[in-house]
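Student: Here it is, the structure in full.
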Amino acid sequence: MKKLLMGVAALALVGCSQQTAQTGHEAGAKGTPTIAEAEAFIVDAEKQLTEMNEYGARIFWVNANFITDDTDWLATKAGADFTKLGVNLANSAKRFNDLDLPPELARKMKFLKIGLTLPAPSKEGAAEELSEISTWLGSTYAKGEIEMDGELVPRNDLEELMGTVRNPEILQEMWTKWREVSVPMGPKYQRLVEIGNEGAQELGFKDLGELWLSGYDMEPAEMAAEVDRLWGQVKPLYDQLHCYVRAGLSEEYGEDVQAADGPIRADLLGNMWAQNWGGIYPLVAPKGTGDVGYDVTELLKEKDYTPIKMAETGEAFFSSLGLDPLPDTFWSRSLFTKPRDRDVVCHASAWDLDGADDIRIKMCTKINADDFNTVHHELGHNYYQRAYKNQPVLFQSGAHDGFHEAIGDFIGLSITPQYLADIGLITQDMIPDASADTGLLLSQALDKISFLPFAYMMDNWRWQVFSGEIAPGDYNQGWWNLRTEYQGIVPPGGARPADAFDPGSKYHIPGNTPYLRYFLSFVMQFQFHKAACEMSGWEGPLHRCSIYGSDVVGEKFQKMLEMGQSQPWPDALEAFTGTREMDGSAIISYFEPLMGYLETQNQGQSCGWK
Ligand code: X8Z
Ligand code: ZN
C-alpha cells in the first residue's frame, strides 16, 4: 500500500468502507446506460477517490513511520477499505463498457478498471484477508534484522555493509542470514497470489500479470514484447560488463571463491540483491590511468553533508531548472533519518498526502553516494506529483509508471564532475580530464547496466508465478533459475534450503510493488538525458553533460510533468523528447566508449555463463 503512494494510479490508493460507492450507478443499476450517466458516475467516483486517497495516505504514512500492532491494524483496515472501493468502482464501470465514450471519459473508465495493483474478489472477507497479508508482509520486511557477532543489525545497515565489506565469508553470512527473515513469507505470499489472481479475474483479466501489463496504452502481450525488445538492445552491453566484472572478482578473491568462468557469486557484487554493483567499483576500477580521482561518498562526508543538506542540494537542482522550491511542509513533515527508538519502513519513498502540496519523502538517509542519488530519485517523484496536481484525480499519476521512476534518476545523470565543482563538492582543478572517462562510465555502468536484468527478472518471476507457470513448490527454484538465466549469478554456498523464499528478501516482493517500472526507467532516463542535453546545446560526450541551470530544459520538462497520465504516454514522451518510442539506443550511445574498453579487456575470455 505504501508503495502505491510512489506515483502509481491514484485508484491504487483508494477505498474506505464507510464511503464505498453509493452512487446509484453501480453494476446493478437498471436501464440502458447513457453518456450523461457515465459522466456523473466518474464525477462521483473521483470525489470518493480524492477523499479516500488522503485518508489512506495519512494512515499509511503513520504506519510506515511508526510500525506497531496498532498502526498495522489501522493500515490493514484502510487497505481493505481501499481495495473494496476500488473493486466496487471497477465493477460498476463495467456497466458503461458498450458506450462510445468521449476519449477523456473512456480513459478515466480504463484507469478505474486497472488502478488496483492487488485487487481482491468482491466476495465477503477477501479484501480483509488480502490486506492483512499485505500489511504483515510489509511490516515483517521493514522490521527485519539479523544477528552478527552478537549484535543486531537492521537491513538498512546491512545494505551499506554489503557494499563495503570485502571478506567473502562475512558477505556470505550477511547475505544468507538476511534471507532467513523471508522464510515465513513464502506461504503468505502464495495466498496473496491466489486472492489477487481471483480479484484480477473478476475484473476480466487472465491473472495479476496481465492486469499489471495493462497500464501501458497498448495490449499486454504487445507490452511484454516491447520489454523484450528493449532488453535485447542492452543485453550485449550487460554481457560484456558481466565478463569484465567476473574476471576482476576472480582476480581479487581467487578461483576458489569466484571462478573465472560461469555465473558470479551473488554476494560478491557489492549489493544485497546484486542489483547495482557500484559498491565494487574500487575492485574493478581501470588500472593505471583512467580512475576518477575522487569518491562522492568521501566528499559528502568531508564536507559535512547532512541528510537535510543532501535533500537541499537536490532541491537546488530542480530550482536551477526553474521549478518552484519545495513547500515548507516538505521540510517539516518528511522523515530524513532513521529514528533510534522505533520501527519504520526504511526503504526510501516519496509521498503525496493530499493530491496537492503536502509532498514528503521518507528515507533513512546515509551520507553516501548511493543515497545522494536516491534523494534525487525521491524528489523526482515529489516534483512530478506536484506538477500534475491540477489534473483530475484519475490522471494524477505518471504517463506510465516508468516515467515516475525515471524523473529523479534523469536529474541524477547530471551529477557530473563539472556539476560537483559547480556546487563546491570538488574544486575546478579536481575535475578529471578525458582519461578518466573509462572510470566514470564504468562506475555508472556498475549501477545502471547491472540493474537491467535484475529488474527484468523480478517481474518475469512474478508474471510466471501469477500465471501458474512457476508453481508454489517451485517459487525459490524458479527465482534462481531466472537469476541465473538473466543476471548470470548464483547463490553463495550452493543450493538454497528447501524452505527458503528468497524473493521475499527484496522489498518490492513483500511490498507488492511492480518492478517493470524500474526497468523502463533505467532505459528511459537515458532517453530523457540525451534529449535534454541536445536541447541545452551540449555537444560533448553524454556522460559529461549536466543540464544543471538549463531553463530551456526546465520548461519542456515541466510540460511533460504537468500532463500526468492525462494522455497516452507517447504524447508525454514526445512533449519532452520529441520521440514517441521507448528506445535503448540512448543508453547504448551513452556507454559506447565503455563498450569498446570492455571488449578489449575481455579479449581471450570466454564470456557468458551457460
Ligand atoms: O525502490 C526504489 C526507490 C523507491 S521507488 C528507492 N528503487 C528500486 C530499488 O531500490 O530496488 C529505485 C531504483 C530501484
Ligand atoms: Zn521510485
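Labels for the C-alpha cells follow display order: chains A, B, ..., residues from 1 in each chain, ligands from 1.
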Enumerate as a ChimeraX atom specification the residues within 6 Å of ligand 1, counting only C-alpha atoms and all ligand atoms.
Tutor: /A:348-349,518
Student: Using only C-alpha atoms and all ligand atoms, find each protein or nucleic acid residue lying at most 7 Å from ligand 2; present the set as a ChimeraX atom specification.
Tutor: /A:6,349,377-378,381,404-405
Student: Could you pull the residues within 10 Å of Leu425 in chain A, counting only C-alpha atoms, minus those fewer than 3 positions along the same chain, as a list of chain:residue names?
Tutor: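 Selected residues are A:Val296, A:Leu299, A:Leu300, A:Glu302, A:Lys303, A:Tyr305, A:Pro417, A:Gln418, A:Tyr419, A:Leu420, A:Ala421, A:Asp422, A:Gln428, A:Met430.
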Student: When you look at Glu251 in chain A with a cut-off of 12 Å (counting only C-alpha atoms), what residues show up, excluding the ones that are within fewer than 6 positions of it in the same chain? I need them as a JSON list (two decimals) with C-alpha atoms, in the first residue's frame.
Tutor:
```json
[["chain", "number", "residue", "atom", "x", "y", "z"],
["A", 244, "TYR", "CA", 34.76, -7.93, -17.10],
["A", 245, "VAL", "CA", 33.50, -7.91, -13.51],
["A", 257, "VAL", "CA", 35.79, -18.04, -4.29],
["A", 258, "GLN", "CA", 34.95, -16.84, -7.81],
["A", 259, "ALA", "CA", 35.73, -18.98, -10.82],
["A", 260, "ALA", "CA", 36.91, -17.22, -13.96],
["A", 261, "ASP", "CA", 34.03, -18.72, -15.91],
["A", 283, "LEU", "CA", 37.80, -3.68, -7.01],
["A", 284, "VAL", "CA", 37.32, -3.39, -10.75]]
```
Student: Quick one: everything within 12 Å of Ala500 in chain A, counting only C-alpha atoms, minus sequence neighbours fewer than 5 positions away in the same chain. Send it as a count of residues only.
Tutor: 24
Student: Write out as a list in words each polymer residue whose atoms come within 7 Å of range 209-215 of chain A, counting only C-alpha atoms; drop sequence neighbours fewer than 2 positions from it.
Tutor: Ile114, Thr117, Ala200, Phe205, Lys206, Asp207, Asp217, Glu219, Pro220, Met223, His400, Trp463 and Phe466 of chain A
Student: Export, as a short mmCIF file (atom, residue, chain, number, x, y, z; two decimals), in the first residue's frame, the selected residues with all heavy atoms.
Tutor:
```cif
data_model
loop_
_atom_site.label_atom_id
_atom_site.label_comp_id
_atom_site.auth_asym_id
_atom_site.auth_seq_id
_atom_site.Cartn_x
_atom_site.Cartn_y
_atom_site.Cartn_z
N ILE A 114 -8.13 -0.58 -14.08
CA ILE A 114 -6.78 -1.18 -13.92
C ILE A 114 -6.01 -0.56 -12.76
O ILE A 114 -4.84 -0.86 -12.57
CB ILE A 114 -5.95 -1.05 -15.21
CG1 ILE A 114 -5.66 0.43 -15.54
CG2 ILE A 114 -6.64 -1.73 -16.39
CD1 ILE A 114 -4.67 0.61 -16.68
N THR A 117 -3.38 -2.39 -7.93
CA THR A 117 -2.26 -3.30 -8.19
C THR A 117 -2.59 -4.69 -7.68
O THR A 117 -2.16 -5.70 -8.23
CB THR A 117 -1.00 -2.79 -7.45
OG1 THR A 117 -0.77 -1.45 -7.85
CG2 THR A 117 0.21 -3.62 -7.78
N ALA A 200 -8.20 -10.20 -9.92
CA ALA A 200 -7.91 -9.76 -11.29
C ALA A 200 -8.86 -10.43 -12.27
O ALA A 200 -9.35 -9.80 -13.22
CB ALA A 200 -6.45 -10.10 -11.64
N PHE A 205 -9.39 -9.90 -16.19
CA PHE A 205 -8.02 -10.18 -16.63
C PHE A 205 -7.72 -11.67 -16.42
O PHE A 205 -8.30 -12.30 -15.54
CB PHE A 205 -7.03 -9.33 -15.84
CG PHE A 205 -7.25 -7.86 -16.04
CD1 PHE A 205 -8.08 -7.14 -15.18
CD2 PHE A 205 -6.69 -7.19 -17.12
CE1 PHE A 205 -8.31 -5.78 -15.37
CE2 PHE A 205 -6.91 -5.84 -17.32
CZ PHE A 205 -7.73 -5.14 -16.45
N LYS A 206 -6.76 -12.16 -17.22
CA LYS A 206 -6.37 -13.56 -17.10
C LYS A 206 -5.78 -13.82 -15.71
O LYS A 206 -6.08 -14.78 -15.04
CB LYS A 206 -5.32 -13.85 -18.19
CG LYS A 206 -5.01 -15.28 -18.43
CD LYS A 206 -4.34 -15.47 -19.80
CE LYS A 206 -3.01 -14.74 -19.95
NZ LYS A 206 -1.83 -15.26 -19.29
N ASP A 207 -4.92 -12.92 -15.29
CA ASP A 207 -4.30 -13.03 -13.96
C ASP A 207 -3.69 -11.66 -13.60
O ASP A 207 -3.80 -10.71 -14.39
CB ASP A 207 -3.23 -14.14 -13.93
CG ASP A 207 -2.16 -13.95 -14.99
OD1 ASP A 207 -1.74 -12.80 -15.21
OD2 ASP A 207 -1.73 -14.93 -15.61
N ASP A 217 -0.93 1.73 -22.28
CA ASP A 217 -1.56 2.21 -23.51
C ASP A 217 -1.32 1.29 -24.70
O ASP A 217 -1.20 1.75 -25.84
CB ASP A 217 -1.06 3.64 -23.85
CG ASP A 217 -1.51 4.66 -22.80
OD1 ASP A 217 -2.73 4.78 -22.58
OD2 ASP A 217 -0.66 5.31 -22.18
N GLU A 219 -1.73 -3.29 -25.79
CA GLU A 219 -2.13 -4.62 -25.32
C GLU A 219 -1.04 -5.21 -24.43
O GLU A 219 0.16 -5.03 -24.72
CB GLU A 219 -2.36 -5.55 -26.52
CG GLU A 219 -3.60 -5.23 -27.34
CD GLU A 219 -4.86 -5.23 -26.48
OE1 GLU A 219 -5.04 -6.18 -25.68
OE2 GLU A 219 -5.66 -4.28 -26.58
N PRO A 220 -1.41 -5.95 -23.38
CA PRO A 220 -0.40 -6.55 -22.50
C PRO A 220 0.66 -7.37 -23.25
O PRO A 220 1.86 -7.25 -22.97
CB PRO A 220 -1.22 -7.44 -21.57
CG PRO A 220 -2.57 -6.82 -21.54
CD PRO A 220 -2.78 -6.18 -22.88
N MET A 223 3.08 -5.15 -24.92
CA MET A 223 4.00 -4.52 -23.97
C MET A 223 5.10 -5.51 -23.56
O MET A 223 6.27 -5.15 -23.48
CB MET A 223 3.22 -4.03 -22.74
CG MET A 223 4.08 -3.32 -21.72
SD MET A 223 4.95 -1.86 -22.42
CE MET A 223 6.04 -1.46 -21.05
N HIS A 400 3.45 6.76 -17.60
CA HIS A 400 3.30 5.39 -17.11
C HIS A 400 4.25 5.27 -15.94
O HIS A 400 4.98 6.22 -15.63
CB HIS A 400 3.46 4.31 -18.21
CG HIS A 400 4.82 4.16 -18.85
ND1 HIS A 400 6.00 4.08 -18.15
CD2 HIS A 400 5.18 4.04 -20.17
CE1 HIS A 400 7.01 3.91 -18.99
NE2 HIS A 400 6.53 3.91 -20.23
N TRP A 463 5.33 -12.62 -13.13
CA TRP A 463 4.39 -12.98 -14.20
C TRP A 463 4.22 -14.50 -14.24
O TRP A 463 3.12 -15.01 -14.42
CB TRP A 463 4.89 -12.48 -15.57
CG TRP A 463 4.97 -10.98 -15.68
CD1 TRP A 463 4.24 -10.06 -14.97
CD2 TRP A 463 5.83 -10.22 -16.55
NE1 TRP A 463 4.61 -8.78 -15.36
CE2 TRP A 463 5.57 -8.85 -16.32
CE3 TRP A 463 6.80 -10.56 -17.50
CZ2 TRP A 463 6.24 -7.82 -17.01
CZ3 TRP A 463 7.46 -9.54 -18.18
CH2 TRP A 463 7.18 -8.18 -17.93
N PHE A 466 2.22 -15.67 -11.19
CA PHE A 466 0.80 -15.34 -11.33
C PHE A 466 0.11 -16.26 -12.34
O PHE A 466 -1.05 -16.63 -12.19
CB PHE A 466 0.61 -13.87 -11.76
CG PHE A 466 1.12 -12.85 -10.76
CD1 PHE A 466 1.54 -11.58 -11.17
CD2 PHE A 466 1.17 -13.15 -9.40
CE1 PHE A 466 2.01 -10.63 -10.26
CE2 PHE A 466 1.64 -12.20 -8.48
CZ PHE A 466 2.06 -10.96 -8.91
#
```
Student: Calculate how many Å separate CA of Leu208 in chain A from CA of Glu226 in chain A, rounding to one decimal.
Tutor: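 Atom-to-atom, CA of Leu208 in chain A and CA of Glu226 in chain A are spaced 18.8 Å apart.
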Student: Would you return as an MDAnalysis selection string the members of range 395-530 of chain A that DSSP assigns to helix (DSSP H, G or I) on this structure's backbone?
Tutor: chainID A and resid 395 401:412 417:422 428:430 434:448 451:467 472:487 502:505 516:530
Student: Tell me which protein, DNA and RNA residues are within 12 Å of Asn276 in chain A, counting only C-alpha atoms, leaving out same-chain ones fewer than 5 positions away, and put them as a PDB file with N, CA, C and O atoms, in the first residue's frame.
Tutor:
```pdb
ATOM      1  N   GLU A 159      22.613  -3.295   4.223  1.00  0.00           N
ATOM      2  CA  GLU A 159      22.669  -2.895   2.828  1.00  0.00           C
ATOM      3  C   GLU A 159      23.972  -2.148   2.549  1.00  0.00           C
ATOM      4  O   GLU A 159      24.633  -2.380   1.541  1.00  0.00           O
ATOM      5  N   MET A 162      27.071  -4.532   2.723  1.00  0.00           N
ATOM      6  CA  MET A 162      27.262  -5.398   1.549  1.00  0.00           C
ATOM      7  C   MET A 162      28.078  -4.688   0.464  1.00  0.00           C
ATOM      8  O   MET A 162      28.677  -5.340  -0.380  1.00  0.00           O
ATOM      9  N   GLY A 163      28.096  -3.359   0.514  1.00  0.00           N
ATOM     10  CA  GLY A 163      28.867  -2.608  -0.476  1.00  0.00           C
ATOM     11  C   GLY A 163      30.292  -2.305  -0.034  1.00  0.00           C
ATOM     12  O   GLY A 163      31.107  -1.881  -0.858  1.00  0.00           O
ATOM     13  N   ALA A 266      26.569 -14.304  -6.023  1.00  0.00           N
ATOM     14  CA  ALA A 266      25.708 -13.128  -5.852  1.00  0.00           C
ATOM     15  C   ALA A 266      26.152 -12.171  -4.746  1.00  0.00           C
ATOM     16  O   ALA A 266      25.912 -10.967  -4.829  1.00  0.00           O
ATOM     17  N   ASP A 267      26.798 -12.708  -3.700  1.00  0.00           N
ATOM     18  CA  ASP A 267      27.136 -11.838  -2.560  1.00  0.00           C
ATOM     19  C   ASP A 267      28.412 -11.033  -2.787  1.00  0.00           C
ATOM     20  O   ASP A 267      28.776 -10.200  -1.959  1.00  0.00           O
ATOM     21  N   LEU A 268      29.100 -11.274  -3.901  1.00  0.00           N
ATOM     22  CA  LEU A 268      30.370 -10.568  -4.128  1.00  0.00           C
ATOM     23  C   LEU A 268      30.184  -9.272  -4.899  1.00  0.00           C
ATOM     24  O   LEU A 268      31.146  -8.563  -5.171  1.00  0.00           O
ATOM     25  N   LEU A 269      28.953  -8.965  -5.280  1.00  0.00           N
ATOM     26  CA  LEU A 269      28.730  -7.865  -6.226  1.00  0.00           C
ATOM     27  C   LEU A 269      28.437  -6.519  -5.567  1.00  0.00           C
ATOM     28  O   LEU A 269      28.060  -5.547  -6.232  1.00  0.00           O
ATOM     29  N   GLY A 270      28.605  -6.456  -4.247  1.00  0.00           N
ATOM     30  CA  GLY A 270      28.525  -5.149  -3.578  1.00  0.00           C
ATOM     31  C   GLY A 270      27.115  -4.693  -3.258  1.00  0.00           C
ATOM     32  O   GLY A 270      26.902  -3.520  -2.929  1.00  0.00           O
ATOM     33  N   ASN A 271      26.170  -5.615  -3.335  1.00  0.00           N
ATOM     34  CA  ASN A 271      24.783  -5.220  -3.066  1.00  0.00           C
ATOM     35  C   ASN A 271      24.006  -6.460  -2.605  1.00  0.00           C
ATOM     36  O   ASN A 271      24.225  -7.554  -3.109  1.00  0.00           O
ATOM     37  N   TYR A 281      33.151  -0.884  -7.268  1.00  0.00           N
ATOM     38  CA  TYR A 281      33.966  -0.104  -8.216  1.00  0.00           C
ATOM     39  C   TYR A 281      35.457  -0.158  -7.862  1.00  0.00           C
ATOM     40  O   TYR A 281      36.300  -0.409  -8.741  1.00  0.00           O
ATOM     41  N   ASP A 370      25.282   6.565  -2.844  1.00  0.00           N
ATOM     42  CA  ASP A 370      24.016   5.894  -3.196  1.00  0.00           C
ATOM     43  C   ASP A 370      22.824   6.724  -2.751  1.00  0.00           C
ATOM     44  O   ASP A 370      21.873   6.935  -3.501  1.00  0.00           O
ATOM     45  N   SER A 443      31.904   3.204 -13.512  1.00  0.00           N
ATOM     46  CA  SER A 443      31.207   3.349 -12.248  1.00  0.00           C
ATOM     47  C   SER A 443      29.697   3.526 -12.479  1.00  0.00           C
ATOM     48  O   SER A 443      28.862   2.943 -11.776  1.00  0.00           O
ATOM     49  N   GLN A 444      29.359   4.271 -13.496  1.00  0.00           N
ATOM     50  CA  GLN A 444      27.938   4.459 -13.844  1.00  0.00           C
ATOM     51  C   GLN A 444      27.328   3.145 -14.341  1.00  0.00           C
ATOM     52  O   GLN A 444      26.215   2.775 -13.948  1.00  0.00           O
ATOM     53  N   ALA A 445      28.074   2.412 -15.173  1.00  0.00           N
ATOM     54  CA  ALA A 445      27.551   1.141 -15.713  1.00  0.00           C
ATOM     55  C   ALA A 445      27.323   0.134 -14.593  1.00  0.00           C
ATOM     56  O   ALA A 445      26.377  -0.661 -14.635  1.00  0.00           O
ATOM     57  N   LEU A 446      28.176   0.165 -13.577  1.00  0.00           N
ATOM     58  CA  LEU A 446      28.017  -0.794 -12.473  1.00  0.00           C
ATOM     59  C   LEU A 446      26.682  -0.572 -11.767  1.00  0.00           C
ATOM     60  O   LEU A 446      26.111  -1.490 -11.197  1.00  0.00           O
ATOM     61  N   ASP A 447      26.199   0.657 -11.789  1.00  0.00           N
ATOM     62  CA  ASP A 447      24.895   0.917 -11.177  1.00  0.00           C
ATOM     63  C   ASP A 447      23.738   0.794 -12.150  1.00  0.00           C
ATOM     64  O   ASP A 447      22.653   0.370 -11.768  1.00  0.00           O
ATOM     65  N   LYS A 448      23.957   1.165 -13.389  1.00  0.00           N
ATOM     66  CA  LYS A 448      22.822   1.260 -14.319  1.00  0.00           C
ATOM     67  C   LYS A 448      22.658   0.017 -15.205  1.00  0.00           C
ATOM     68  O   LYS A 448      21.543  -0.421 -15.438  1.00  0.00           O
ATOM     69  N   ILE A 449      23.757  -0.507 -15.727  1.00  0.00           N
ATOM     70  CA  ILE A 449      23.644  -1.646 -16.648  1.00  0.00           C
ATOM     71  C   ILE A 449      23.402  -2.946 -15.880  1.00  0.00           C
ATOM     72  O   ILE A 449      22.588  -3.779 -16.269  1.00  0.00           O
ATOM     73  N   SER A 450      24.098  -3.082 -14.742  1.00  0.00           N
ATOM     74  CA  SER A 450      23.919  -4.296 -13.943  1.00  0.00           C
ATOM     75  C   SER A 450      22.457  -4.445 -13.520  1.00  0.00           C
ATOM     76  O   SER A 450      21.955  -5.546 -13.341  1.00  0.00           O
ATOM     77  N   PHE A 451      21.780  -3.327 -13.376  1.00  0.00           N
ATOM     78  CA  PHE A 451      20.409  -3.327 -12.853  1.00  0.00           C
ATOM     79  C   PHE A 451      19.383  -3.919 -13.828  1.00  0.00           C
ATOM     80  O   PHE A 451      18.369  -4.472 -13.416  1.00  0.00           O
ATOM     81  N   LEU A 452      19.661  -3.782 -15.117  1.00  0.00           N
ATOM     82  CA  LEU A 452      18.621  -4.101 -16.107  1.00  0.00           C
ATOM     83  C   LEU A 452      18.121  -5.558 -16.047  1.00  0.00           C
ATOM     84  O   LEU A 452      16.909  -5.782 -15.979  1.00  0.00           O
ATOM     85  N   PRO A 453      19.024  -6.537 -16.054  1.00  0.00           N
ATOM     86  CA  PRO A 453      18.499  -7.911 -15.989  1.00  0.00           C
ATOM     87  C   PRO A 453      17.850  -8.227 -14.644  1.00  0.00           C
ATOM     88  O   PRO A 453      16.931  -9.040 -14.572  1.00  0.00           O
ATOM     89  N   PHE A 454      18.328  -7.554 -13.589  1.00  0.00           N
ATOM     90  CA  PHE A 454      17.686  -7.760 -12.287  1.00  0.00           C
ATOM     91  C   PHE A 454      16.234  -7.301 -12.352  1.00  0.00           C
ATOM     92  O   PHE A 454      15.309  -8.023 -11.958  1.00  0.00           O
ATOM     93  N   ALA A 455      16.045  -6.088 -12.872  1.00  0.00           N
ATOM     94  CA  ALA A 455      14.695  -5.523 -12.919  1.00  0.00           C
ATOM     95  C   ALA A 455      13.800  -6.371 -13.820  1.00  0.00           C
ATOM     96  O   ALA A 455      12.626  -6.591 -13.522  1.00  0.00           O
ATOM     97  N   GLN A 487      20.718 -12.717 -15.002  1.00  0.00           N
ATOM     98  CA  GLN A 487      21.830 -11.976 -14.407  1.00  0.00           C
ATOM     99  C   GLN A 487      23.153 -12.727 -14.451  1.00  0.00           C
ATOM    100  O   GLN A 487      24.208 -12.121 -14.250  1.00  0.00           O
ATOM    101  N   PHE A 522      15.159   2.797 -16.209  1.00  0.00           N
ATOM    102  CA  PHE A 522      16.604   2.797 -16.449  1.00  0.00           C
ATOM    103  C   PHE A 522      16.928   2.916 -17.935  1.00  0.00           C
ATOM    104  O   PHE A 522      18.015   3.333 -18.296  1.00  0.00           O
TER     105      PHE A 522
END
```
